[in-house]
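Visitor: See data11.cif below, with mmCIF, C-alpha atoms.
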data_start
loop_
_atom_site.label_atom_id
_atom_site.label_comp_id
_atom_site.auth_asym_id
_atom_site.auth_seq_id
_atom_site.Cartn_x
_atom_site.Cartn_y
_atom_site.Cartn_z
CA MET A 1 0.00 0.00 0.00
CA PHE A 2 2.79 2.42 0.85
CA LEU A 3 4.55 1.88 -2.48
CA LYS A 4 1.36 2.58 -4.44
CA GLY A 5 0.35 5.49 -2.21
CA HIS A 6 3.77 7.10 -2.60
CA ALA A 7 3.47 7.17 -6.40
CA GLY A 8 -0.31 7.61 -6.63
CA ASP A 9 -0.69 4.47 -8.75
CA MET A 10 -3.91 2.48 -8.71
CA MET A 11 -3.89 -0.16 -5.98
CA ARG A 12 -5.67 -3.47 -6.46
CA VAL A 13 -6.16 -6.06 -3.73
CA GLY A 14 -7.39 -9.45 -4.85
CA ARG A 15 -8.56 -11.97 -2.27
CA LEU A 16 -9.93 -15.44 -2.87
CA SER A 17 -12.04 -15.31 0.27
CA ARG A 18 -13.71 -11.96 -0.36
CA GLU A 19 -14.47 -9.42 -3.05
CA SER A 20 -11.49 -7.73 -4.70
CA GLN A 21 -10.93 -4.09 -3.86
CA HIS A 22 -9.11 -1.22 -5.51
CA VAL A 23 -8.17 2.38 -4.76
CA ALA A 24 -8.01 4.51 -7.90
CA LYS A 25 -5.80 7.32 -6.59
CA PRO A 26 -4.12 6.35 -3.32
CA ALA A 27 -2.23 9.00 -1.37
CA LEU A 28 -0.38 8.10 1.79
CA THR A 29 1.87 10.08 4.09
CA LEU A 30 4.04 8.19 6.55
CA GLY A 31 5.58 9.96 9.53
CA LEU A 32 7.29 7.87 12.19
CA ALA A 33 9.48 8.62 15.21
CA VAL A 34 11.26 5.40 16.12
CA GLN A 35 14.32 4.24 18.00
CA PRO A 36 17.41 3.20 15.98
CA ASP A 37 16.87 -0.43 16.96
CA VAL A 38 13.51 -0.38 15.18
CA LEU A 39 15.18 0.82 11.98
CA ARG A 40 17.69 -2.00 12.19
CA ASP A 41 14.89 -4.53 12.68
CA ILE A 42 12.98 -3.15 9.69
CA ALA A 43 16.08 -3.29 7.49
CA SER A 44 16.59 -6.95 8.37
CA MET A 45 13.03 -7.96 7.43
CA PRO A 46 12.80 -9.74 4.05
CA GLY A 47 11.56 -7.52 1.25
CA PHE A 48 11.55 -4.17 3.02
CA ARG A 49 14.54 -2.88 1.10
CA GLY A 50 14.20 -5.07 -1.95
CA LEU A 51 10.65 -3.82 -2.62
CA GLY A 52 11.77 -0.20 -2.39
CA LEU A 53 10.13 0.79 0.88
CA LEU A 54 13.28 2.17 2.51
CA ALA A 55 14.21 3.97 -0.71
CA ARG A 56 11.11 6.15 -0.40
CA ILE A 57 11.73 7.38 3.15
CA LEU A 58 13.42 10.66 4.08
CA PHE A 59 15.45 9.95 7.21
CA ALA A 60 16.37 12.35 9.99
CA LEU A 61 18.70 11.21 12.77
CA PRO A 62 18.80 14.09 15.25
CA GLU A 63 21.58 14.30 17.79
CA ASN A 64 20.81 12.75 21.15
CA THR A 65 20.42 15.70 23.54
CA VAL A 66 19.76 13.70 26.71
CA GLY A 67 21.81 15.31 29.45
CA PHE A 68 21.88 18.66 27.64
CA ARG A 69 18.18 19.45 27.35
CA ARG A 70 16.89 22.80 28.49
CA ILE A 71 14.47 22.21 31.33
CA GLY A 72 11.43 24.50 31.34
CA ALA A 73 11.94 25.63 27.74
CA ASP A 74 9.48 28.18 26.39
CA PRO A 75 6.54 26.80 24.38
CA VAL A 76 6.05 27.56 20.70
CA PRO A 77 5.12 31.27 20.43
CA ALA A 78 1.38 31.78 20.02
CA GLU A 79 1.79 33.77 16.78
CA VAL A 80 3.80 30.93 15.23
CA ALA A 81 1.24 28.31 16.26
CA ASP A 82 -1.63 30.48 14.97
CA ALA A 83 0.08 31.11 11.63
CA TYR A 84 0.75 27.39 11.19
CA ARG A 85 -2.83 26.42 12.01
CA GLU A 86 -4.37 29.08 9.76
CA SER A 87 -2.05 28.35 6.83
CA LEU A 88 -2.53 24.60 7.00
CA GLY A 89 -6.30 25.02 7.33
CA ALA A 90 -6.42 27.34 4.32
CA LEU A 91 -4.39 24.90 2.22
CA VAL A 92 -6.62 21.95 3.15
CA LEU A 93 -9.83 23.86 2.43
CA THR A 94 -8.49 25.15 -0.88
CA LEU A 95 -7.57 21.68 -2.14
CA ALA A 96 -10.50 19.80 -0.58
CA GLY A 97 -12.70 20.24 -3.64
CA TRP A 98 -10.17 18.88 -6.12
CA THR A 99 -11.01 15.55 -7.73
CA ASP A 100 -8.32 15.39 -10.42
CA PRO A 101 -4.60 15.75 -9.72
CA ALA A 102 -3.35 19.29 -10.28
CA VAL A 103 -0.35 19.60 -12.58
CA VAL A 104 2.05 22.25 -11.27
CA PRO A 105 4.68 23.07 -13.92
CA LEU A 106 8.20 24.39 -13.45
CA THR A 107 9.59 27.56 -14.95
CA GLU A 108 12.29 27.03 -17.56
CA GLU A 109 14.94 28.15 -15.06
CA ALA A 110 13.56 25.82 -12.38
CA ASN A 111 13.63 22.91 -14.82
CA GLY A 112 17.28 23.72 -15.49
CA ARG A 113 17.96 23.54 -11.75
CA VAL A 114 16.41 20.07 -11.62
CA LEU A 115 18.62 18.93 -14.51
CA ASP A 116 21.65 20.27 -12.61
CA ILE A 117 20.65 18.18 -9.59
CA GLU A 118 20.33 15.07 -11.77
CA ARG A 119 23.77 15.70 -13.28
CA ALA A 120 25.30 16.07 -9.82
CA VAL A 121 23.60 12.94 -8.48
CA GLU A 122 24.39 10.56 -11.35
CA PRO A 123 28.13 10.02 -10.65
CA ARG A 124 27.38 9.48 -6.97
CA LEU A 125 25.32 6.41 -7.92
CA ALA A 126 28.16 4.72 -9.81
CA PRO A 127 29.99 1.75 -8.25
CA GLY A 128 32.43 3.30 -5.82
CA GLY A 129 30.52 6.58 -5.82
CA ALA A 130 29.45 8.37 -2.64
CA TRP A 131 25.98 6.84 -2.91
CA GLY A 132 27.03 3.60 -4.58
CA HIS A 133 25.84 1.58 -1.59
CA ILE A 134 22.43 3.31 -1.42
CA VAL A 135 21.57 3.39 -5.12
CA ASP A 136 17.94 2.54 -4.36
CA TRP A 137 17.55 5.65 -2.19
CA GLY A 138 19.77 7.88 -4.31
CA SER A 139 17.84 7.04 -7.49
CA LYS A 140 14.77 8.68 -5.96
CA TYR A 141 16.61 11.70 -4.58
CA THR A 142 15.82 14.15 -7.37
CA GLY A 143 12.15 13.19 -7.27
CA ALA A 144 12.10 13.78 -3.52
CA VAL A 145 13.61 17.26 -3.97
CA VAL A 146 10.97 18.16 -6.56
CA ARG A 147 8.22 16.90 -4.25
CA MET A 148 9.54 19.11 -1.45
CA ALA A 149 9.69 22.04 -3.85
CA GLY A 150 6.03 21.46 -4.65
CA LEU A 151 5.14 21.53 -0.96
CA ILE A 152 7.10 24.74 -0.39
CA HIS A 153 5.42 26.28 -3.43
CA LEU A 154 1.91 25.43 -2.22
CA ALA A 155 2.69 26.61 1.32
CA GLU A 156 3.73 30.02 -0.02
CA HIS A 157 0.78 30.32 -2.42
CA LEU A 158 -2.05 28.89 -0.36
CA ARG A 159 -4.95 29.77 -2.63
CA ASP A 160 -3.51 29.72 -6.14
CA GLY A 161 -0.31 27.67 -6.03
CA TRP A 162 -1.58 25.21 -8.64
CA SER A 163 -2.12 28.02 -11.15
CA ARG A 164 1.44 29.33 -11.16
CA PRO A 165 4.72 27.52 -11.91
CA VAL A 166 7.38 26.57 -9.38
CA ASP A 167 10.34 28.94 -9.70
CA ALA A 168 14.08 28.30 -9.48
CA ASP A 169 14.43 29.78 -6.00
CA THR A 170 11.95 27.23 -4.66
CA ILE A 171 13.94 24.39 -6.24
CA ASP A 172 17.12 25.77 -4.65
CA ARG A 173 15.53 25.84 -1.20
CA ALA A 174 14.21 22.32 -1.64
CA ALA A 175 17.71 21.22 -2.68
CA GLN A 176 19.03 22.55 0.64
CA LEU A 177 16.57 20.25 2.39
CA GLY A 178 17.71 17.50 0.05
CA ASP A 179 21.31 17.95 1.19
CA TYR A 180 20.16 17.52 4.78
CA TYR A 181 18.21 14.35 4.04
CA ALA A 182 21.02 12.90 1.92
CA ALA A 183 23.49 13.22 4.79
CA HIS A 184 21.04 11.60 7.18
CA ALA A 185 20.19 8.83 4.72
CA LEU A 186 23.87 7.88 4.53
CA ALA A 187 24.00 7.73 8.33
CA ALA A 188 20.73 5.79 8.56
CA PHE A 189 21.70 3.15 6.01
CA ASP A 190 25.13 2.77 7.59
CA ASP A 191 23.43 2.21 10.93
CA MET A 192 21.03 -0.30 9.38
CA GLY A 193 23.89 -2.13 7.71
CA ALA A 194 24.01 -0.96 4.11
CA ASP A 195 25.11 -3.22 1.29
CA LEU A 196 28.91 -3.32 1.48
CA GLU A 197 29.44 -5.11 -1.83
CA PRO A 198 30.20 -1.94 -3.89
CA ALA A 199 32.74 -0.72 -1.31
CA LEU A 200 34.39 -4.13 -1.08
CA ALA A 201 34.60 -4.28 -4.88
CA VAL A 202 36.49 -0.96 -4.93
CA LEU A 203 38.93 -2.13 -2.24
CA ASP A 204 39.46 -5.35 -4.19
CA ALA A 205 40.05 -3.48 -7.45
CA HIS A 206 42.68 -1.25 -5.82
CA GLY A 207 44.53 -4.12 -4.20
CA TYR A 208 43.57 -3.57 -0.58
CA LEU A 209 41.61 -6.82 -0.37
CA ARG A 210 41.38 -10.11 -2.19
CA GLN A 211 38.35 -12.31 -1.86
CA ILE A 212 38.93 -15.99 -1.24
CA ASP A 213 36.76 -18.37 -3.19
CA ALA A 214 33.75 -19.10 -1.01
CA PRO A 215 33.22 -22.70 0.10
CA ALA A 216 30.45 -24.64 -1.56
CA ARG A 217 26.98 -24.11 -0.16
CA PRO A 218 25.97 -26.99 2.11
CA ARG A 219 23.54 -29.42 0.53
CA THR A 220 21.44 -29.32 3.67
CA GLY A 221 20.33 -25.80 2.80
CA GLY A 222 20.60 -22.74 4.98
CA ARG A 223 22.36 -19.48 4.34
CA PRO A 224 25.34 -19.39 1.98
CA PRO A 225 28.73 -18.97 3.69
CA SER A 226 29.87 -15.38 4.26
CA PRO A 227 32.66 -14.18 1.95
CA THR A 228 36.22 -14.20 3.28
CA PHE A 229 38.89 -11.67 2.31
CA LEU A 230 42.66 -11.44 2.58
CA VAL A 231 43.99 -8.01 3.58
CA ASN A 232 47.04 -6.67 1.78
CA PRO A 233 49.82 -6.62 4.44
CA ASP A 234 51.07 -3.29 3.10
CA VAL A 235 48.11 -1.52 4.69
CA HIS A 236 49.67 -2.16 8.11
CA GLN A 237 52.84 -0.29 7.19
CA PRO A 238 52.81 3.43 8.10
CA ASN A 239 52.74 5.77 5.12
CA ALA A 240 53.09 2.80 2.78
CA THR A 241 51.90 2.67 -0.77
CA VAL A 242 49.59 -0.27 -1.19
CA HIS A 243 50.49 -2.38 -4.19
CA PRO A 244 47.97 -4.72 -5.75
CA ILE A 245 48.06 -8.28 -4.51
CA ARG A 246 49.47 -10.53 -7.17
CA ARG A 247 46.92 -13.02 -8.29
CA THR A 248 47.99 -16.53 -9.13
CA ALA A 249 46.11 -18.98 -11.23
#
Kindly return the structure encoded in the file as structure tokens.

Guide:
Amino acid sequence: MFLKGHAGDMMRVGRLSRESQHVAKPALTLGLAVQPDVLRDIASMPGFRGLGLLARILFALPENTVGFRRIGADPVPAEVADAYRESLGALVLTLAGWTDPAVVPLTEEANGRVLDIERAVEPRLAPGGAWGHIVDWGSKYTGAVVRMAGLIHLAEHLRDGWSRPVDADTIDRAAQLGDYYAAHALAAFDDMGADLEPALAVLDAHGYLRQIDAPARPRTGGRPPSPTFLVNPDVHQPNATVHPIRRTA
């Protein structure tokens, strides 16, 4: 349901025991505040990452402030709370009557900004790139930035945002949020145990490691044996240049 609701694609549920159901235009927002252990448990569940669920989440890992919290902190100022309530209410009431999705275009300059983001992201997704181990999340990064730009745009134009295009400045501000979420996604996936295969492949290619042929999988079933690597002894020498391990037939 979350995957379909994230994209707005029609959702069909077929059951043998009862009548099939479908939702023509699902829309789902997921907001969770969980402990790190919960994230690790979710990441270990079969299918959660493979199906693309984790790739669609914007992560925020705030610093633990226990021991440094301000006791008796002032509440949110009344004018801020009132402005938030009134703005959100106006936005909901304005869009409540819509039945068809509104298409909000980008200005030509804003579209150029989006292309710049795509060009910057692409090399990060390559094997050995900064996001090579979170390609699933990184592949959806530009789309997430554009979604945030749309939200900023509607929040600033409560009653007619759908009738005017998103400008370049809005894309730039959304990209700043994107930088924040990208840094936190890297930390979150590292904490969950991201796929290390791309990083190990780079270390192997540069001679830091050499993988030993894995033993045959036991006929009794079970998990395949974990890979084993030899470490180039040169890495233990201070200021040494690591030379590739010679491979023998």

Visitor: Selection in question (the file shown): the PyMOL selection byres ((chain A and resi 180) around 12). Which residues does it include, as a list in words?

Guide: Leu58, Phe59, Ala60, Leu61, Pro62, Tyr141, Val145, Arg173, Ala174, Ala175, Gln176, Leu177, Gly178, Asp179, Tyr181, Ala182, Ala183, His184, Ala185, Leu186 and Ala187 of chain A

Visitor: Show which residues sit within 7 Å of Met192 of chain A, as an mmCIF file with C-alpha atoms, in the frame of the given file. Count only C-alpha atoms, and ignore same-chain residues fewer than 2 positions away.

Guide:
data_model
loop_
_atom_site.group_PDB
_atom_site.id
_atom_site.type_symbol
_atom_site.label_atom_id
_atom_site.label_comp_id
_atom_site.auth_asym_id
_atom_site.auth_seq_id
_atom_site.Cartn_x
_atom_site.Cartn_y
_atom_site.Cartn_z
ATOM 1 C CA LEU A 39 15.180 0.820 11.980
ATOM 2 C CA ARG A 40 17.690 -2.000 12.190
ATOM 3 C CA ALA A 43 16.080 -3.290 7.490
ATOM 4 C CA ALA A 188 20.730 5.790 8.560
ATOM 5 C CA PHE A 189 21.700 3.150 6.010
ATOM 6 C CA ASP A 190 25.130 2.770 7.590
ATOM 7 C CA ALA A 194 24.010 -0.960 4.110
#

Visitor: Separation of atom CA of Val166 of chain A and atom CA of Gly8 of chain A, in Å?

Guide: 20.6 Å

Visitor: When you look at Arg159 of chain A with a cut-off of 8 Å (counting all atoms listed in the file), what residues show up, excluding the ones that are within fewer than 5 positions of it in the same chain? I need them as a list in words.

Guide: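 My list of contacting residues is Ala90, Leu91 and Thr94 of chain A.
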
Visitor: Could those selected residues go to a file with C-alpha atoms, as a PDB file, keeping the file's coordinate frame?

Guide:
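Output (selection-v7.pdb):
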ATOM      1  CA  ALA A  90      -6.420  27.340   4.320  1.00  0.00           C
ATOM      2  CA  LEU A  91      -4.390  24.900   2.220  1.00  0.00           C
ATOM      3  CA  THR A  94      -8.490  25.150  -0.880  1.00  0.00           C
TER       4      THR A  94
END

Visitor: Between A:Leu28, A:Ala205, A:Leu151, A:Ile71, which has the minimum distance to Leu88 of chain A (counting all atoms listed in the file)?

Guide: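 The closest residue to Leu88 of chain A is A:Leu151.
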
Visitor: Return as a list in words the set of residues that the PyMOL selection byres ((chain A and resi 230) around 8) yields on the displayed structure.

Guide: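 Checked against the file, the PyMOL selection byres ((chain A and resi 230) around 8) matches Leu209, Arg210, Gln211, Ile212, Thr228, Phe229, Val231 and Asn232 of chain A.
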
Visitor: Report the distance between atom CA of Val103 of chain A and atom CA of Val146 of chain A in Å, rounded to one decimal place.

Guide: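 Here the two named atoms are 12.9 Å from each other.
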